[in-house]
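Have a look at the structure below before the remarks.
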Amino acid sequence: MTVFELQILDFIQYHLRSSIMDGIMKAVSLAGTAGFIWILIAVLLFIPKKTRIDSISMSLAVVIGVVLCSIVIKPLAARLRPCDVNSAVQLLIARPHDYSFPSGHTTAAFAAAACLFFCRSRLWPFLMLFAVIMAFSRLYLYVHFPTDVLAGCALGFICGWAGYRLGISLKTHFQ
C-alpha cells in the first residue's frame, strides 16, 4: 500500500505543484497548526447567544479529535511520514515531529465541519470545503499518506458527531 500511496504523492509533486499552490497550501496548513483557526471560529461562534452551543460542540469535537488522534492513535500506529520514507522531496514546511497516522490537521478540520453539519449551522458547507482543502494540503506538502488523510476524515466525522451529542447534553447550561 505504501508504494501506491507514494506514487499518488509523487504525482501531486510532479504534476500539481506551482508557486501559487505552494503558498496556498502552506497557508491552509498553517491555519490548522496549533488549532488557531478552530479557536478563532469557536470564539466567533460563542459571541452570539444563538450559536453558543455550536461553539461549545465544535470545540468539544476538535478536542476529542486531538486527544484520540495525537495522544492515543498516533503513538500506537507509529507510522513514519512519507517525507521520512522518501527524503528526496524538499518540504515546504518544517517536518512535523509526531507520527503520520492519522492526520491531525484533517481530523480537526473534519471534526469541526461535521459538528457544524450536525448542529445545522449555516457555516458547515464552508468549513467542509476548508476541511477538504486542509486534507489535500497535507498530501501536497508531503507530510501524510493518503490513508492518513482518509483516516483523519473518518475520525474527524466521528468526533464531530460526538462533540455534537455532548454539546446537546450541555445545552441547558448555556442558554
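A note on labels: chains of the C-alpha cells are A, B, ... as shown, every chain counts residues from 1, and ligands are counted from 1 in their shown order.
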
Close residues, segment 1-10 of chain A itself excluded, 12 Å, only C-alpha atoms, min 2 positions apart in chain, as number ranges by chain: A: 12-17, 79-90, 136-150

Residues as selected, C-alpha atoms, written as an mmCIF file, in the first residue's frame, can you do that?
data_model
loop_
_atom_site.group_PDB
_atom_site.id
_atom_site.type_symbol
_atom_site.label_atom_id
_atom_site.label_comp_id
_atom_site.auth_asym_id
_atom_site.auth_seq_id
_atom_site.Cartn_x
_atom_site.Cartn_y
_atom_site.Cartn_z
ATOM 1 C CA ILE A 12 0.930 15.562 -6.834
ATOM 2 C CA GLN A 13 4.530 16.748 -6.512
ATOM 3 C CA TYR A 14 5.365 16.429 -10.202
ATOM 4 C CA HIS A 15 2.071 17.491 -11.788
ATOM 5 C CA LEU A 16 0.218 19.831 -9.431
ATOM 6 C CA ARG A 17 2.933 21.876 -7.751
ATOM 7 C CA ARG A 79 3.720 5.239 11.208
ATOM 8 C CA LEU A 80 6.573 7.094 9.551
ATOM 9 C CA ARG A 81 5.738 10.104 7.430
ATOM 10 C CA PRO A 82 6.164 9.996 3.655
ATOM 11 C CA CYS A 83 8.934 12.588 3.922
ATOM 12 C CA ASP A 84 10.823 10.071 6.093
ATOM 13 C CA VAL A 85 10.301 7.273 3.580
ATOM 14 C CA ASN A 86 11.276 9.466 0.603
ATOM 15 C CA SER A 87 13.665 12.095 1.903
ATOM 16 C CA ALA A 88 14.464 13.321 -1.626
ATOM 17 C CA VAL A 89 11.375 15.555 -1.593
ATOM 18 C CA GLN A 90 12.078 19.104 -0.469
ATOM 19 C CA PHE A 136 -5.340 17.883 0.404
ATOM 20 C CA SER A 137 -2.728 20.303 1.774
ATOM 21 C CA ARG A 138 -1.281 17.514 3.920
ATOM 22 C CA LEU A 139 -0.768 15.381 0.797
ATOM 23 C CA TYR A 140 0.519 18.322 -1.231
ATOM 24 C CA LEU A 141 3.048 19.149 1.482
ATOM 25 C CA TYR A 142 4.227 15.509 1.522
ATOM 26 C CA VAL A 143 3.720 15.066 5.271
ATOM 27 C CA HIS A 144 0.890 12.496 5.158
ATOM 28 C CA PHE A 145 -0.013 9.410 3.176
ATOM 29 C CA PRO A 146 -3.480 9.273 1.566
ATOM 30 C CA THR A 147 -4.620 6.682 4.130
ATOM 31 C CA ASP A 148 -3.546 9.037 6.945
ATOM 32 C CA VAL A 149 -5.841 11.681 5.483
ATOM 33 C CA LEU A 150 -8.717 9.246 4.866
#

Selection: 12 Å around Ala108 of chain A, only C-alpha atoms, excl. self and same-chain fewer than 6 positions, as an NGL selection string: :A and (29 or 31-39 or 58-70 or 102 or 114-115 or 127-128 or 130-132 or 134-135 or 149 or 151-160 or 163)

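Among the candidates A:Ser19, A:Arg120, A:Met25, A:Thr51, the residue lying nearest to Ile133 of chain A is A:Met25 (atoms considered: only C-alpha atoms).
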
For atom CA of Tyr164 of chain A and atom CA of Ser57 of chain A, the interatomic separation in Å (one decimal): 5.0 Å

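Coordinates place atom CA of Phe46 of chain A at a distance of 16.9 Å from atom CA of Phe118 of chain A.
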
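Taking atom CA of Arg52 of chain A and atom CA of Gly104 of chain A as the two end points, the separation is 24.9 Å.
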
Chain A: residues DSSP assigns to alpha helix (DSSP H), reported as a PyMOL selection string: chain A and resi 2-15+19-32+36-46+52-66+74-77+82-85+104-118+124-140+146-170
